Amino acid sequence: MRMTPVSRSSHRRAGFDTVFHGLLLLCSLLVLAMLGGLILLMATGGWQAFTKFGLSFFTTASWNPVKDVYGVLAPLLGTLVSTLIAMLIAVPMAFGTAFWLTYIASGRFSSIVGTTIQLLAAVPSIIFGMWGFQTIVPFIARDVQPFLNHHFRHTPIVGSLLSGPPVGTGLVTSGIILAVMIAPFITAVMVDVFSAVPPMLRESAYGLGATRWEMMRKIVVPWSRNGMIGAIVLGMGRALGETMAVTFIIGNVTTVGWSLFAPRSTVASLIALQFPESPEGSLRLSSLMALGFILMLLSCVSLILARCLRGKRQ
Amino acid sequence: MTAPVISSASAGKEGSTGSEPGQWRPSRKAMRRQLLDYVATGVSIAAGSILLLVLASILWTLLSRGLVGLSWATLTHKMGPPGSGGGLANAIVGSVLQTGLALLMAAPVGLMCGIYLSEYGRKGNHFASAVRFVADMLMSAPSILIGLFIYQLFVVPFGHFSGFAGAVALAVLALPLIVRTTEDMLRLVPTAMREAGAALGAARWRVILFLCLRSARKGVTTGILLALARMGGETAPLLFTSLGNQTMSTDMTRPMASLPIAIYQYAGASYEDWVQLAWTGALLVTFGVLIINITVRLSSRH
């Protein structure tokens with residue numbers, strides 16, 4: 001029959017399609033393998049430290065290369081507290097900005113401002129570190145901490161949070177820098193979420209006489225709660241792993257204490273600073289790898305959390 | 001008569017607008033609601049303004065500190081000991097080489113993976129949703145950990161730091177970005193286009209490459225350029241992979257200088273001219289990154 005030539009060419013075509021499909025599959029597998037390799041290498045690298053110190057790895061506050069004793073409590077607390085401070089500042093800021101951009105500012109103006117704020121998210125993190133060191137650190141050291149100390153030194157709990165010499169580096173400073181770094185990102189997601197609220201709902205609220213803020217609080221916020229929390233958690237993941245900016249302004253001292261203004265360290269900054277001094281195969285390197293593994297876990301958990309919360313609505 | 005209507009004020013914005021205009025006065029509750037609205041509006045505008053101010057402050061700091069040191073010599077001389085009039089030439093060359101190589105590695109793989117996700121990985125494909133999830137995870141993975149990973153993979157076995165390892169680290173960083181934008185852009189291509197191609201007898205790979213990818217070309221390029229901008233400013237993954245280098249080197253198998261690493265090393269130095277170089281480098285990197293971003297955003301708007 002006359003089918004033969006057609007079927008031969010379609011045969012070859014199908015063959016090429018299979019090759020193409022295989023190639024695509026290979027690239028996708030590569031992406032999978034990358035994350036797998038990353039987690040696996042961290043886990044095997046940190047194994048020595050995990051087995052050597054056991055549970056005390058998480059409760060020891062000292063990081064002492066001289067005695068070869070390492071504990072993750074100090075950097076872990078540093079990471080968690082600085083991220084918490086960052087979230088406390090960034091979330092209201094991002095929420096307010098998103099509210100402004102979506103419902104208050106006029107269309108053209110809001111798109112210009114929105115783009116400008118997005119540019120802030122594109123600034124490399126090391127620049128934030130230098131800028132923070134140049135502007136925020138002196139501001140905290142000269143103005144904020146002395147002022148607070150003067151007025152609240154003898155207040156029971158607050159006093160101990162403020163103690164320490166006014167050097168300007170520390171958890172609060174890092175929190176501020178992290179906040180301005182992640183706020184544009186959270187804002188962008190929130191703007192998307194807010195714009196997805198059906199106009200009908202908003203108009204009904206206005207029709208019933210609600211003010212703009214009441215419409216926001218009673219219609220938009222409940223409607224987009226999951227998306228907002230997803231955005232916040234994603235921003236949190238970024239703050240947890242930030243390295244360069246924090247290294248400039250955290251002070252890099254591995255201690256644990258109440259003061260929010262004393263120099264501390266975070267997981268990422270400790271890895272960045274100590275890694276070059278840690279010889280291959282040493283317990284110190286293994287402890288750093290273990291720290292990396294913990295950081296990776298934190299980042300994964302926050303992403304999964306964000307996924308679950310965002311997935312519900314869409 | 002109007003008083004009870006006004007005080008209940010649950011529906012009216014400014015109380016009742018009764019027939020007697022002379023009797024009208026806002027109830028206390030209505031005023032409080034109005035005030036709260038003003039306060040919320042004010043606070044929101046203030047929050048947005050703070051972010052704008054931060055950007056302005058960063059740009060101002062960079063310009064005022066960095067512009068002084070920006071000269072022809074800075075761009076053409078290589079790094080040197082303090083006081084010798086060194087520049088950033090080798091760091092600039094290193095940055096360009098490493099990000100370029102990284103892009104050459106990340107773009108094809110990222111494109112292929114993005115194509116797979118959008119064309120073969122629609123609903124019900126568990127492998128595809130796993131890849132999608134992993135790409136998201138890589139995207140949010142702390143960049144310093146990517147540096148550690150590549151260190152174990154490419155520096156330890158070879159016994160020395162290399163520009164190649166730095167490029168691979170940057171590629172890992174850029175890959176998930178390219179994957180996700182490619183997928184999103186291909187998804188915007190209407191199914192009718194694919195059906196039309198198939199109806200004309202084109203093979204699936206032809207349809208994908210010459211119809212879908214071509215019509216999504218603009219968005220895909222945007223994604224790749226944004227990934228380039230992201231790589232250009234990254235420091236953390238390069239710390240343990242390409243290490244930095246004081247001399248001019250274009251050998252990918254040796255330690256290689258890069259702008260972010262040079263900034264990192266010089267910013268904390270106690271020599272005046274090194275700190276100056278750090279600021280100039282910061283100015284170069286930031287404006288490079290911002291210019292890419294602005295061009296991409298402006299061109300994608302039209």
# chains A, B, ... in the order shown; residues from 1 in each chain; ligands from 1
>>> closest_atom_pairs(of="stretch 40-101 of chain B", to="stretch 71-89 of chain A", cutoff="12 Å", atoms="only C-alpha atoms", output="JSON lines")
{"residue": "B:Ala47", "atom": "CA", "partner": "A:Ile89", "partner_atom": "CA", "distance": 10.2}
{"residue": "B:Ile50", "atom": "CA", "partner": "A:Ile89", "partner_atom": "CA", "distance": 11.5}
{"residue": "B:Leu51", "atom": "CA", "partner": "A:Ile89", "partner_atom": "CA", "distance": 11.7}
>>> closest_atom_pairs(of="chain A", to="chain B", cutoff="7 Å", atoms="only C-alpha atoms", output="CSV")
residue,atom,partner,partner_atom,distance
A:Arg13,CA,B:Ala203,CA,6.2
A:Asp17,CA,B:Trp205,CA,5.9
A:Phe20,CA,B:Trp205,CA,6.6
A:Leu24,CA,B:Met112,CA,5.2
A:Leu25,CA,B:Tyr116,CA,6.8
A:Cys27,CA,B:Cys113,CA,5.4
A:Ser28,CA,B:Cys113,CA,4.9
A:Val31,CA,B:Ala135,CA,6.9
A:Leu32,CA,B:Val131,CA,6.0
A:Leu35,CA,B:Leu138,CA,6.5
A:Leu38,CA,B:Phe149,CA,5.6
A:Leu41,CA,B:Phe149,CA,6.8
A:Met93,CA,B:Ala47,CA,5.0
A:Gly96,CA,B:Ser44,CA,3.9
A:Thr97,CA,B:Gly48,CA,4.4
A:Phe99,CA,B:Ser44,CA,6.5
A:Trp100,CA,B:Ser44,CA,5.6
A:Ile117,CA,B:Leu52,CA,6.4
A:Leu119,CA,B:Leu290,CA,6.7
A:Leu120,CA,B:Leu55,CA,5.8
A:Ala122,CA,B:Leu290,CA,6.9
A:Val123,CA,B:Thr286,CA,6.1
A:Pro124,CA,B:Gly233,CA,4.9
A:Ile127,CA,B:Ala282,CA,6.5
A:Trp131,CA,B:Ile58,CA,6.2
A:Val180,CA,B:Leu51,CA,6.9
A:Leu208,CA,B:Ala11,CA,5.9
A:Gly209,CA,B:Lys13,CA,4.8
A:Ala210,CA,B:Lys13,CA,6.7
A:Thr211,CA,B:Asp37,CA,6.4
A:Arg212,CA,B:Asp37,CA,6.4
A:Trp213,CA,B:Asp37,CA,5.1
A:Gly237,CA,B:Ser140,CA,6.8
A:Arg238,CA,B:Ser140,CA,6.5
A:Gly241,CA,B:Pro142,CA,4.4
A:Glu242,CA,B:Pro142,CA,6.5
A:Thr243,CA,B:Ala236,CA,6.7
A:Met244,CA,B:Ala236,CA,6.4
A:Ala268,CA,B:Ile144,CA,7.0
A:Gly292,CA,B:Leu145,CA,6.4
A:Met296,CA,B:Ala141,CA,6.7
A:Ser299,CA,B:Ala141,CA,6.4
A:Cys300,CA,B:Met137,CA,6.5
A:Leu303,CA,B:Met137,CA,6.8
>>> select_by_dssp(residues="stretch 128-288 of chain B", states="alpha helix (DSSP H)", output="ChimeraX atom specification")
/B:128-140,143-150,163-187,191-199,204-206,213-215,217-232,236-239,259-267,272-288
>>> residues_around(residues="A:Met215", least_positions_apart="5", cutoff="8 Å", atoms="only C-alpha atoms", output="PyMOL selection string")
chain A and resi 202+205-206+210+220
>>> residues_around(residues="A:Phe57", least_positions_apart="3", cutoff="12 Å", atoms="only C-alpha atoms", output="VMD selection string")
chain A and resid 46 to 54 60 to 63 69 to 76 286 to 288 290 to 291 294
>>> write_last_selection(atoms="N, CA and C atoms", output="short mmCIF file (atom, residue, chain, number, x, y, z; two decimals), in the first residue's frame")
data_model
loop_
_atom_site.label_atom_id
_atom_site.label_comp_id
_atom_site.auth_asym_id
_atom_site.auth_seq_id
_atom_site.Cartn_x
_atom_site.Cartn_y
_atom_site.Cartn_z
N GLY A 46 27.71 16.62 58.04
CA GLY A 46 27.45 16.95 59.43
C GLY A 46 27.33 15.75 60.33
N TRP A 47 27.38 14.54 59.74
CA TRP A 47 27.17 13.32 60.51
C TRP A 47 28.12 13.21 61.70
N GLN A 48 29.40 13.53 61.42
CA GLN A 48 30.43 13.44 62.46
C GLN A 48 30.04 14.27 63.68
N ALA A 49 29.59 15.49 63.43
CA ALA A 49 29.23 16.38 64.53
C ALA A 49 27.98 15.87 65.25
N PHE A 50 27.00 15.40 64.48
CA PHE A 50 25.77 14.91 65.09
C PHE A 50 26.05 13.73 66.01
N THR A 51 26.89 12.79 65.55
CA THR A 51 27.16 11.60 66.37
C THR A 51 28.07 11.94 67.55
N LYS A 52 28.98 12.87 67.34
CA LYS A 52 29.92 13.21 68.42
C LYS A 52 29.20 13.90 69.57
N PHE A 53 28.36 14.89 69.24
CA PHE A 53 27.76 15.69 70.31
C PHE A 53 26.36 15.22 70.69
N GLY A 54 25.69 14.52 69.79
CA GLY A 54 24.34 14.06 70.10
C GLY A 54 23.41 15.23 70.35
N THR A 60 24.18 23.22 73.60
CA THR A 60 25.43 23.88 73.99
C THR A 60 25.49 25.27 73.37
N ALA A 61 25.80 26.24 74.22
CA ALA A 61 25.84 27.60 73.71
C ALA A 61 27.22 27.99 73.22
N SER A 62 28.23 27.19 73.52
CA SER A 62 29.58 27.63 73.16
C SER A 62 29.98 27.10 71.80
N TRP A 63 30.74 27.89 71.09
CA TRP A 63 31.30 27.49 69.80
C TRP A 63 32.79 27.75 69.94
N VAL A 69 34.88 22.17 70.91
CA VAL A 69 33.51 21.90 71.35
C VAL A 69 32.57 22.84 70.61
N TYR A 70 31.56 22.27 69.98
CA TYR A 70 30.67 23.11 69.19
C TYR A 70 29.21 22.86 69.55
N GLY A 71 28.45 23.95 69.65
CA GLY A 71 27.02 23.84 69.87
C GLY A 71 26.31 24.85 68.99
N VAL A 72 25.11 24.51 68.56
CA VAL A 72 24.45 25.38 67.59
C VAL A 72 23.49 26.37 68.23
N LEU A 73 23.40 26.34 69.56
CA LEU A 73 22.37 27.16 70.20
C LEU A 73 22.53 28.64 69.87
N ALA A 74 23.76 29.13 69.95
CA ALA A 74 23.98 30.58 69.75
C ALA A 74 23.60 31.02 68.33
N PRO A 75 24.18 30.41 67.29
CA PRO A 75 23.80 30.87 65.95
C PRO A 75 22.34 30.60 65.61
N LEU A 76 21.81 29.48 66.13
CA LEU A 76 20.41 29.16 65.82
C LEU A 76 19.48 30.20 66.43
N SER A 286 32.67 19.74 60.10
CA SER A 286 31.48 18.90 60.22
C SER A 286 30.37 19.63 60.96
N SER A 287 30.75 20.38 62.00
CA SER A 287 29.73 21.12 62.74
C SER A 287 29.10 22.19 61.86
N LEU A 288 29.92 22.81 61.01
CA LEU A 288 29.38 23.81 60.09
C LEU A 288 28.41 23.18 59.10
N ALA A 290 26.69 20.50 59.66
CA ALA A 290 25.48 20.18 60.42
C ALA A 290 24.61 21.43 60.53
N LEU A 291 25.25 22.57 60.76
CA LEU A 291 24.50 23.83 60.82
C LEU A 291 23.79 24.09 59.49
N ILE A 294 20.75 21.99 59.22
CA ILE A 294 19.64 22.52 60.01
C ILE A 294 18.99 23.70 59.29
#
>>> atom_distance(atom1="atom CA of B:Leu103", atom2="atom CA of B:Ser249")
19.7 Å
>>> residues_around(residues="A:Arg142", least_positions_apart="5", cutoff="12 Å", atoms="only C-alpha atoms", output="list of chain:residue names")
A:Thr135, A:Ile136, A:Val137, A:Phe147, A:Leu148, A:Asn149, A:Pro165, A:Pro166, A:Val167, A:Gly168, A:Thr169
>>> residues_around(residues="A:Ser224", least_positions_apart="3", cutoff="12 Å", atoms="only C-alpha atoms", output="MDAnalysis selection string")
chainID A and resid 95 189:198 216:221 227:231 309:314
>>> atom_distance(atom1="atom CA of A:Leu240", atom2="atom CA of A:Leu298")
7.8 Å
>>> atom_distance(atom1="atom CA of B:Leu200", atom2="atom CA of A:Gly22")
24.0 Å
